[in-house]
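Q: Pasting structure-v8.cif here (mmCIF, C-alpha atoms):
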```cif
data_protein
loop_
_atom_site.group_PDB
_atom_site.id
_atom_site.type_symbol
_atom_site.label_atom_id
_atom_site.label_comp_id
_atom_site.auth_asym_id
_atom_site.auth_seq_id
_atom_site.Cartn_x
_atom_site.Cartn_y
_atom_site.Cartn_z
ATOM 1 C CA MET A 46 4.724 159.770 30.979
ATOM 2 C CA PHE A 47 4.534 156.508 32.956
ATOM 3 C CA LEU A 48 8.034 155.494 31.870
ATOM 4 C CA LEU A 49 9.356 158.940 32.738
ATOM 5 C CA ALA A 50 7.733 158.672 36.175
ATOM 6 C CA VAL A 51 9.418 155.306 36.780
ATOM 7 C CA VAL A 52 12.820 156.662 35.728
ATOM 8 C CA TYR A 53 12.423 159.769 37.879
ATOM 9 C CA LEU A 54 11.285 157.811 40.950
ATOM 10 C CA ILE A 55 14.371 155.600 40.715
ATOM 11 C CA PHE A 56 16.482 158.716 40.332
ATOM 12 C CA VAL A 57 14.998 160.394 43.412
ATOM 13 C CA GLY A 58 15.420 157.176 45.377
ATOM 14 C CA VAL A 59 19.140 157.045 44.555
ATOM 15 C CA LEU A 60 19.600 160.718 45.469
ATOM 16 C CA LEU A 61 17.909 160.243 48.824
ATOM 17 C CA ARG A 62 19.793 157.015 49.503
ATOM 18 C CA VAL A 63 23.225 158.630 49.183
ATOM 19 C CA GLY A 64 22.245 161.829 50.984
ATOM 20 C CA VAL A 65 22.222 164.358 48.143
ATOM 21 C CA PRO A 66 20.548 167.633 49.210
ATOM 22 C CA VAL A 67 17.591 167.050 46.900
ATOM 23 C CA ALA A 68 15.638 170.057 48.188
ATOM 24 C CA ALA A 69 18.292 172.548 47.089
ATOM 25 C CA ILE A 70 18.601 170.980 43.632
ATOM 26 C CA VAL A 71 14.820 170.858 43.193
ATOM 27 C CA VAL A 72 14.561 174.545 44.108
ATOM 28 C CA ILE A 73 17.109 175.405 41.417
ATOM 29 C CA ALA A 74 15.242 173.282 38.866
ATOM 30 C CA VAL A 75 11.939 174.914 39.837
ATOM 31 C CA VAL A 76 13.439 178.364 39.295
ATOM 32 C CA LEU A 77 14.905 177.411 35.897
ATOM 33 C CA LEU A 78 11.785 175.687 34.590
ATOM 34 C CA GLY A 79 9.482 178.230 36.194
ATOM 35 C CA ALA A 80 11.206 181.085 34.413
ATOM 36 C CA GLN A 81 10.946 179.242 31.101
ATOM 37 C CA TYR A 82 7.323 178.285 31.750
ATOM 38 C CA LEU A 83 6.171 181.747 32.793
ATOM 39 C CA PHE A 84 8.196 183.824 30.350
ATOM 40 C CA SER A 85 8.486 181.508 27.338
ATOM 41 C CA ASP A 86 6.592 183.886 25.070
ATOM 42 C CA ARG A 87 8.969 186.755 25.839
ATOM 43 C CA LEU A 88 12.009 184.494 25.468
ATOM 44 C CA ILE A 89 10.806 183.326 22.051
ATOM 45 C CA LEU A 90 10.077 186.855 20.897
ATOM 46 C CA ALA A 91 13.563 187.931 21.930
ATOM 47 C CA SER A 92 15.495 184.927 20.579
ATOM 48 C CA LEU A 93 13.818 184.924 17.163
ATOM 49 C CA GLY A 94 13.382 188.645 16.741
ATOM 50 C CA ALA A 95 9.605 188.245 16.550
ATOM 51 C CA GLU A 96 7.464 191.349 16.671
ATOM 52 C CA GLU A 97 3.943 191.344 18.024
ATOM 53 C CA VAL A 98 1.571 192.801 15.444
ATOM 54 C CA SER A 99 -1.804 194.468 15.750
ATOM 55 C CA GLU A 100 -4.905 193.766 13.698
ATOM 56 C CA ALA A 101 -4.180 196.845 11.597
ATOM 57 C CA GLN A 102 -0.665 195.601 10.801
ATOM 58 C CA ALA A 103 -1.682 192.035 9.842
ATOM 59 C CA PRO A 104 -5.452 192.000 9.219
ATOM 60 C CA GLN A 105 -5.650 188.650 7.384
ATOM 61 C CA LEU A 106 -3.480 186.834 9.924
ATOM 62 C CA HIS A 107 -5.437 188.288 12.833
ATOM 63 C CA ALA A 108 -8.741 187.424 11.181
ATOM 64 C CA THR A 109 -7.730 183.790 10.673
ATOM 65 C CA VAL A 110 -6.448 183.384 14.240
ATOM 66 C CA ALA A 111 -9.565 185.102 15.644
ATOM 67 C CA ARG A 112 -11.875 182.844 13.637
ATOM 68 C CA LEU A 113 -10.074 179.703 14.815
ATOM 69 C CA ALA A 114 -10.011 180.927 18.422
ATOM 70 C CA GLN A 115 -13.759 181.554 18.289
ATOM 71 C CA LEU A 116 -14.353 178.174 16.685
ATOM 72 C CA THR A 117 -12.377 176.366 19.396
ATOM 73 C CA ASP A 118 -13.714 178.551 22.230
ATOM 74 C CA ILE A 119 -10.400 179.914 23.496
ATOM 75 C CA PRO A 120 -9.301 183.513 24.126
ATOM 76 C CA MET A 121 -7.745 185.320 21.195
ATOM 77 C CA PRO A 122 -3.977 184.685 21.341
ATOM 78 C CA ARG A 123 -1.447 187.397 20.713
ATOM 79 C CA VAL A 124 -0.015 187.334 17.198
ATOM 80 C CA ALA A 125 3.599 187.900 16.152
ATOM 81 C CA ILE A 126 5.588 187.846 12.907
ATOM 82 C CA ILE A 127 9.195 186.691 12.525
ATOM 83 C CA GLN A 128 11.241 188.181 9.718
ATOM 84 C CA SER A 129 12.818 185.027 8.277
ATOM 85 C CA ARG A 130 13.271 183.148 5.007
ATOM 86 C CA VAL A 131 12.478 179.914 6.872
ATOM 87 C CA PRO A 132 8.791 178.971 6.398
ATOM 88 C CA ASN A 133 7.552 178.049 9.865
ATOM 89 C CA ALA A 134 5.136 178.760 12.694
ATOM 90 C CA LEU A 135 4.944 178.188 16.434
ATOM 91 C CA ALA A 136 2.746 178.671 19.472
ATOM 92 C CA THR A 137 3.809 179.239 23.041
ATOM 93 C CA GLY A 138 2.267 180.232 26.359
ATOM 94 C CA ARG A 139 1.462 178.360 29.549
ATOM 95 C CA ASP A 140 -2.302 178.300 28.920
ATOM 96 C CA PRO A 141 -4.880 179.646 26.430
ATOM 97 C CA LYS A 142 -5.107 182.957 28.310
ATOM 98 C CA HIS A 143 -1.372 183.607 27.823
ATOM 99 C CA ALA A 144 -0.904 182.185 24.328
ATOM 100 C CA LEU A 145 1.181 183.611 21.519
ATOM 101 C CA VAL A 146 1.086 182.474 17.879
ATOM 102 C CA ALA A 147 3.984 183.469 15.650
ATOM 103 C CA VAL A 148 4.561 182.917 11.947
ATOM 104 C CA THR A 149 7.464 183.755 9.688
ATOM 105 C CA THR A 150 7.194 186.066 6.716
ATOM 106 C CA ALA A 151 8.250 183.180 4.463
ATOM 107 C CA ILE A 152 5.378 180.884 5.430
ATOM 108 C CA GLN A 153 2.855 183.630 4.759
ATOM 109 C CA GLU A 154 4.279 184.101 1.273
ATOM 110 C CA GLN A 155 4.460 180.395 0.373
ATOM 111 C CA LEU A 156 1.188 178.941 1.648
ATOM 112 C CA GLU A 157 -2.316 179.381 0.336
ATOM 113 C CA PRO A 158 -4.803 180.950 2.796
ATOM 114 C CA ARG A 159 -6.525 177.644 3.574
ATOM 115 C CA GLU A 160 -3.171 175.908 4.108
ATOM 116 C CA MET A 161 -2.201 178.738 6.431
ATOM 117 C CA GLU A 162 -5.428 178.214 8.346
ATOM 118 C CA ALA A 163 -4.574 174.529 8.808
ATOM 119 C CA VAL A 164 -1.112 175.462 10.123
ATOM 120 C CA LEU A 165 -2.593 177.946 12.586
ATOM 121 C CA ALA A 166 -5.139 175.317 13.683
ATOM 122 C CA HIS A 167 -2.211 172.995 14.422
ATOM 123 C CA GLU A 168 -0.552 175.674 16.550
ATOM 124 C CA LEU A 169 -3.763 176.473 18.411
ATOM 125 C CA SER A 170 -4.161 172.752 19.121
ATOM 126 C CA HIS A 171 -0.891 172.925 21.052
ATOM 127 C CA VAL A 172 -2.386 175.774 23.081
ATOM 128 C CA ILE A 173 -5.658 173.909 23.676
ATOM 129 C CA HIS A 174 -3.774 170.766 24.771
ATOM 130 C CA ARG A 175 -1.550 172.864 27.074
ATOM 131 C CA ASP A 176 1.501 171.200 25.606
ATOM 132 C CA MET A 177 3.870 173.759 27.140
ATOM 133 C CA ARG A 178 2.689 172.630 30.582
ATOM 134 C CA VAL A 179 2.884 168.931 29.675
ATOM 135 C CA MET A 180 6.445 169.220 28.384
ATOM 136 C CA ALA A 181 7.543 171.348 31.346
ATOM 137 C CA MET A 182 6.284 168.697 33.761
ATOM 138 C CA ALA A 183 7.932 165.934 31.752
ATOM 139 C CA SER A 184 11.262 167.783 31.695
ATOM 140 C CA PHE A 185 11.452 168.637 35.396
ATOM 141 C CA PHE A 186 13.647 165.826 36.742
ATOM 142 C CA ALA A 187 15.583 165.673 33.484
ATOM 143 C CA THR A 188 16.584 169.253 34.295
ATOM 144 C CA VAL A 189 17.601 168.126 37.796
ATOM 145 C CA ALA A 190 19.722 165.319 36.326
ATOM 146 C CA ALA A 191 21.365 167.684 33.846
ATOM 147 C CA PHE A 192 22.105 170.146 36.652
ATOM 148 C CA ILE A 193 23.819 167.436 38.709
ATOM 149 C CA VAL A 194 25.967 166.309 35.796
ATOM 150 C CA GLN A 195 26.914 169.880 34.902
ATOM 151 C CA SER A 196 27.698 170.681 38.537
ATOM 152 C CA SER A 197 30.040 167.703 38.724
ATOM 153 C CA LEU A 198 31.866 168.985 35.652
ATOM 154 C CA TRP A 199 32.023 172.564 36.904
ATOM 155 C CA PHE A 200 32.987 171.947 40.516
ATOM 156 C CA GLY A 201 34.181 168.348 40.509
ATOM 157 C CA GLY A 202 33.648 167.885 44.213
ATOM 158 C CA GLY A 203 29.998 167.430 44.838
ATOM 159 C CA PHE A 204 27.075 169.648 45.506
ATOM 160 C CA GLY A 205 27.136 172.268 48.207
ATOM 161 C CA GLY A 206 30.364 170.984 49.687
ATOM 162 C CA GLY A 207 29.475 167.328 49.454
ATOM 163 C CA TYR A 208 27.147 165.049 51.380
ATOM 164 C CA GLY A 209 27.825 165.701 54.999
ATOM 165 C CA GLY A 210 31.379 166.977 54.905
ATOM 166 C CA GLY A 211 32.609 167.072 51.337
ATOM 167 C CA TYR A 212 34.893 164.890 49.287
ATOM 168 C CA GLY A 213 38.570 164.398 49.194
ATOM 169 C CA GLY A 214 38.778 163.233 52.810
ATOM 170 C CA ARG A 215 41.118 160.454 53.777
ATOM 171 C CA GLY A 216 40.243 157.009 54.909
ATOM 172 C CA ARG A 217 37.148 154.912 54.520
ATOM 173 C CA GLY A 218 34.703 157.825 54.916
ATOM 174 C CA GLY A 219 36.334 159.814 52.139
ATOM 175 C CA ASN A 220 36.349 156.797 49.824
ATOM 176 C CA ASN A 221 32.661 156.123 50.551
ATOM 177 C CA GLU A 222 31.739 159.727 49.804
ATOM 178 C CA GLN A 223 33.741 159.718 46.594
ATOM 179 C CA GLY A 224 32.051 156.471 45.570
ATOM 180 C CA SER A 225 28.617 157.960 46.307
ATOM 181 C CA PHE A 226 29.470 161.033 44.269
ATOM 182 C CA ILE A 227 30.505 158.936 41.261
ATOM 183 C CA LEU A 228 27.359 156.823 41.615
ATOM 184 C CA VAL A 229 25.098 159.882 41.650
ATOM 185 C CA VAL A 230 26.794 161.393 38.591
ATOM 186 C CA LEU A 231 26.527 158.120 36.662
ATOM 187 C CA VAL A 232 22.870 157.655 37.617
ATOM 188 C CA ALA A 233 22.111 161.300 36.739
ATOM 189 C CA ALA A 234 23.786 160.873 33.355
ATOM 190 C CA ALA A 235 21.787 157.687 32.709
ATOM 191 C CA VAL A 236 18.540 159.383 33.765
ATOM 192 C CA TRP A 237 19.258 162.331 31.485
ATOM 193 C CA ALA A 238 20.012 160.027 28.536
ATOM 194 C CA VAL A 239 16.878 157.891 29.019
ATOM 195 C CA SER A 240 14.633 160.897 29.656
ATOM 196 C CA PHE A 241 16.115 162.614 26.583
ATOM 197 C CA VAL A 242 14.695 159.830 24.403
ATOM 198 C CA LEU A 243 11.396 159.559 26.297
ATOM 199 C CA ILE A 244 10.742 163.305 26.292
ATOM 200 C CA ARG A 245 11.319 163.452 22.556
ATOM 201 C CA THR A 246 8.984 160.505 22.094
ATOM 202 C CA LEU A 247 6.352 162.386 24.095
ATOM 203 C CA SER A 248 6.995 165.499 21.993
ATOM 204 C CA ARG A 249 6.406 163.525 18.796
ATOM 205 C CA TYR A 250 3.095 162.253 20.162
ATOM 206 C CA ARG A 251 2.103 165.825 20.950
ATOM 207 C CA GLU A 252 2.872 166.798 17.345
ATOM 208 C CA TYR A 253 0.691 163.977 16.061
ATOM 209 C CA ALA A 254 -2.073 165.149 18.421
ATOM 210 C CA ALA A 255 -1.776 168.730 17.149
ATOM 211 C CA ASP A 256 -1.921 167.473 13.553
ATOM 212 C CA ARG A 257 -5.078 165.591 14.421
ATOM 213 C CA GLY A 258 -6.455 168.691 16.129
ATOM 214 C CA SER A 259 -5.904 170.688 12.955
ATOM 215 C CA ALA A 260 -7.655 168.010 10.916
ATOM 216 C CA VAL A 261 -10.650 168.024 13.281
ATOM 217 C CA ILE A 262 -10.890 171.828 13.323
ATOM 218 C CA THR A 263 -10.620 172.323 9.552
ATOM 219 C CA GLN A 264 -12.233 168.986 8.602
ATOM 220 C CA GLU A 265 -9.656 168.808 5.798
ATOM 221 C CA PRO A 266 -6.474 166.969 6.833
ATOM 222 C CA SER A 267 -5.137 167.336 3.293
ATOM 223 C CA LEU A 268 -4.625 171.073 3.856
ATOM 224 C CA LEU A 269 -2.092 170.533 6.635
ATOM 225 C CA ALA A 270 -0.484 167.676 4.693
ATOM 226 C CA SER A 271 -0.031 169.991 1.712
ATOM 227 C CA ALA A 272 1.445 172.704 3.937
ATOM 228 C CA LEU A 273 3.901 170.266 5.539
ATOM 229 C CA LEU A 274 5.102 169.027 2.152
ATOM 230 C CA LYS A 275 5.599 172.570 0.868
ATOM 231 C CA ILE A 276 7.513 173.625 3.988
ATOM 232 C CA SER A 277 9.769 170.549 4.119
ATOM 233 C CA GLY A 278 10.536 170.842 0.419
ATOM 234 C CA ARG A 279 11.454 174.480 0.804
ATOM 235 C CA MET A 280 13.544 173.794 3.933
ATOM 236 C CA GLU A 281 16.093 171.803 1.923
ATOM 237 C CA ARG A 282 16.906 174.866 -0.204
ATOM 238 C CA ILE A 283 17.345 177.368 2.635
ATOM 239 C CA PRO A 284 20.916 178.385 3.582
ATOM 240 C CA SER A 285 22.234 176.715 6.739
ATOM 241 C CA GLN A 286 22.833 180.089 8.382
ATOM 242 C CA ASP A 287 19.141 180.986 8.187
ATOM 243 C CA LEU A 288 18.157 177.580 9.552
ATOM 244 C CA ARG A 289 20.532 177.874 12.505
ATOM 245 C CA GLN A 290 18.976 181.202 13.482
ATOM 246 C CA MET A 291 15.649 179.409 14.008
ATOM 247 C CA GLN A 292 16.920 176.250 15.686
ATOM 248 C CA ALA A 293 16.709 177.673 19.216
ATOM 249 C CA ALA A 294 12.935 177.183 18.996
ATOM 250 C CA ASN A 295 12.947 173.891 17.074
ATOM 251 C CA ALA A 296 10.850 172.074 19.672
ATOM 252 C CA LEU A 297 8.044 174.612 19.217
ATOM 253 C CA MET A 298 8.146 174.886 15.430
ATOM 254 C CA LEU A 299 5.681 173.311 13.030
ATOM 255 C CA VAL A 300 8.646 171.668 11.268
ATOM 256 C CA PRO A 301 12.163 171.648 12.781
ATOM 257 C CA ALA A 302 14.541 174.051 11.084
ATOM 258 C CA SER A 303 17.160 171.363 10.527
ATOM 259 C CA VAL A 304 20.266 171.488 8.422
ATOM 260 C CA LYS A 305 21.393 168.536 6.320
ATOM 261 C CA GLY A 306 22.557 165.556 8.326
ATOM 262 C CA SER A 307 19.986 165.972 11.101
ATOM 263 C CA LEU A 308 19.593 163.345 13.782
ATOM 264 C CA ALA A 309 17.413 160.288 13.329
ATOM 265 C CA GLU A 310 13.715 160.536 14.179
ATOM 266 C CA LEU A 311 14.318 158.672 17.461
ATOM 267 C CA PHE A 312 16.166 161.718 18.781
ATOM 268 C CA SER A 313 13.925 164.335 17.155
ATOM 269 C CA THR A 314 11.201 166.416 18.787
ATOM 270 C CA HIS A 315 9.043 165.935 15.681
ATOM 271 C CA PRO A 316 7.958 162.923 13.626
ATOM 272 C CA SER A 317 9.168 162.858 10.050
ATOM 273 C CA VAL A 318 7.035 164.773 7.577
ATOM 274 C CA GLU A 319 6.416 161.511 5.726
ATOM 275 C CA HIS A 320 4.907 159.881 8.825
ATOM 276 C CA ARG A 321 2.820 162.948 9.601
ATOM 277 C CA VAL A 322 1.479 163.146 6.065
ATOM 278 C CA ALA A 323 0.655 159.422 6.100
ATOM 279 C CA ARG A 324 -1.400 159.842 9.272
ATOM 280 C CA LEU A 325 -3.180 162.870 7.857
ATOM 281 C CA GLN A 326 -4.013 160.953 4.698
ATOM 282 C CA GLU A 327 -5.447 158.183 6.861
ATOM 283 C CA LEU A 328 -7.580 160.748 8.690
ATOM 284 C CA GLU A 329 -8.698 162.172 5.349
ATOM 285 C CA SER A 330 -9.932 158.762 4.233
ATOM 286 C CA ARG A 331 -11.826 158.294 7.501
ATOM 287 C CA LEU A 332 -13.509 161.682 7.291
ATOM 288 C CA SER A 333 -14.556 161.114 3.682
ATOM 289 C CA ARG A 334 -16.424 157.902 4.455
#
```
As structure tokens - that is how I would like this structure written.
A:
Amino acid sequence: MFLLAVVYLIFVGVLLRVGVPVAAIVVIAVVLLGAQYLFSDRLILASLGAEEVSEAQAPQLHATVARLAQLTDIPMPRVAIIQSRVPNALATGRDPKHALVAVTTAIQEQLEPREMEAVLAHELSHVIHRDMRVMAMASFFATVAAFIVQSSLWFGGGFGGGYGGGYGGRGRGGNNEQGSFILVVLVAAAVWAVSFVLIRTLSRYREYAADRGSAVITQEPSLLASALLKISGRMERIPSQDLRQMQAANALMLVPASVKGSLAELFSTHPSVEHRVARLQELESRLSR
């Protein structure tokens, strides 16, 4: 977060120095991120075809979530099921009062009840840590940078008609404005690239924290480790088409729904399963002392 703050402060300084209408761009970014932040649960339900279920429709799932919510002293989240052959789970919502936990039909079929409890404890840890809020804050100026770069590609002449008169003018003034425009686009692209890596690093730390939260809640880190190994092993045998249908919510999933040839861990929102299992095994040894 400190490194992101440094990058973003430099970025804002450059924008102000060359006269970019920062206020207008920030307003657009606020609207985009605000909509995602406030309506993320509905967006996820729609994009994945998840259906919210009642206690009568999924009594065991509701009972497990309710028990964990009571144990961790948070309001009972809403519960949804995704019809998919991809074994996975996710949690979304801006705070514990607006949380949603969703699981796929495949993960319910493939995990033992206690493994399922560990997975749900991981997802509730995200809710308790308010990770949606943390990641939204971390992504704010990255969204601004991406908007600037995309605007330059779409319109090619600046933002809102340029900085004080637009581009394409003749003489020294026009050349200076064109140079400022190129500088801003290059800086925005650099900020987006650096923040891309840093935000994914932060996301991986949040996954480790949620794993630890599950281990603390269940007092058995081996349960989540077993679930992760089962899910990752199964993921390799799932058709690419099914995986792609889930990839829109990869950042929120327990394990990314990745096809073969996925990017290196440096550019992933999640640590590798091997690293996660190793940390859980270390926690197991500590708890057993």
Q: Show me the residues close to (-11.4, 177.9, 12.8) - anything with an atom within 9 Å, counting all atoms listed in the file - and format the list as an NGL selection string.
A: :A and (109-117 or 162-163 or 165-166 or 262-263)
Q: Identify, on the basis of only C-alpha atoms, every residue whose closest approach to A:Gly138 does not exceed 9 Å; exclude the query and any residue fewer than 3 positions from it along the same chain; express the result as a PyMOL selection string.
A: chain A and resi 82-86+141-146+172+175+177-178
Q: Kindly indicate which residue among A:Arg334, A:Gln292, A:Val300, A:Ser225 lies nearest to A:Gly64, using only C-alpha atoms for the distances.
A: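 Closest to A:Gly64 of all the choices is A:Ser225.
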Q: Looking at A:Ala234, A:Val71, A:Ala147, A:Leu325, which one is nearest to A:Val189, with distances taken over all atoms listed in the file?
A: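 Of all the options, A:Val71 lies closest to A:Val189.
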Q: One decimal, in Å: what's the spacing between atom CA of A:Glu160 and atom CA of A:Ser271?
A: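 Distance reported for this atom pair: 7.1 Å.
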Q: Nearest residue to A:Ala136 out of A:His167, A:Arg159, A:Arg249, A:His107, using all atoms listed in the file?
A: A:His167
Q: Just the number, please: distance in Å from atom CA of A:Val318 to atom CA of A:Ala91, one decimal.
A: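 Spanning atom CA of A:Val318 to atom CA of A:Ala91 is a straight-line distance of 28.0 Å.
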Q: How many Å separate atom CA of A:Leu273 from atom CA of A:Glu97?
A: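 Atom-to-atom, atom CA of A:Leu273 and atom CA of A:Glu97 are spaced 24.5 Å apart.
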Q: Can you translate the PyMOL selection byres ((chain A and resi 50) around 12) into the concrete residues it hits in this file, as an NGL selection string?
A: :A and (46-49 or 51-57 or 182-187 or 236 or 239-240 or 243-244)
Q: Those same residues, written as a PDB file, keeping the file's coordinate frame with C-alpha atoms?
A:
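Writing done, so here's part_27.pdb:
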```pdb
ATOM      1  CA  MET A  46       4.724 159.770  30.979  1.00  0.00           C
ATOM      2  CA  PHE A  47       4.534 156.508  32.956  1.00  0.00           C
ATOM      3  CA  LEU A  48       8.034 155.494  31.870  1.00  0.00           C
ATOM      4  CA  LEU A  49       9.356 158.940  32.738  1.00  0.00           C
ATOM      5  CA  VAL A  51       9.418 155.306  36.780  1.00  0.00           C
ATOM      6  CA  VAL A  52      12.820 156.662  35.728  1.00  0.00           C
ATOM      7  CA  TYR A  53      12.423 159.769  37.879  1.00  0.00           C
ATOM      8  CA  LEU A  54      11.285 157.811  40.950  1.00  0.00           C
ATOM      9  CA  ILE A  55      14.371 155.600  40.715  1.00  0.00           C
ATOM     10  CA  PHE A  56      16.482 158.716  40.332  1.00  0.00           C
ATOM     11  CA  VAL A  57      14.998 160.394  43.412  1.00  0.00           C
ATOM     12  CA  MET A 182       6.284 168.697  33.761  1.00  0.00           C
ATOM     13  CA  ALA A 183       7.932 165.934  31.752  1.00  0.00           C
ATOM     14  CA  SER A 184      11.262 167.783  31.695  1.00  0.00           C
ATOM     15  CA  PHE A 185      11.452 168.637  35.396  1.00  0.00           C
ATOM     16  CA  PHE A 186      13.647 165.826  36.742  1.00  0.00           C
ATOM     17  CA  ALA A 187      15.583 165.673  33.484  1.00  0.00           C
ATOM     18  CA  VAL A 236      18.540 159.383  33.765  1.00  0.00           C
ATOM     19  CA  VAL A 239      16.878 157.891  29.019  1.00  0.00           C
ATOM     20  CA  SER A 240      14.633 160.897  29.656  1.00  0.00           C
ATOM     21  CA  LEU A 243      11.396 159.559  26.297  1.00  0.00           C
ATOM     22  CA  ILE A 244      10.742 163.305  26.292  1.00  0.00           C
TER      23      ILE A 244
END
```
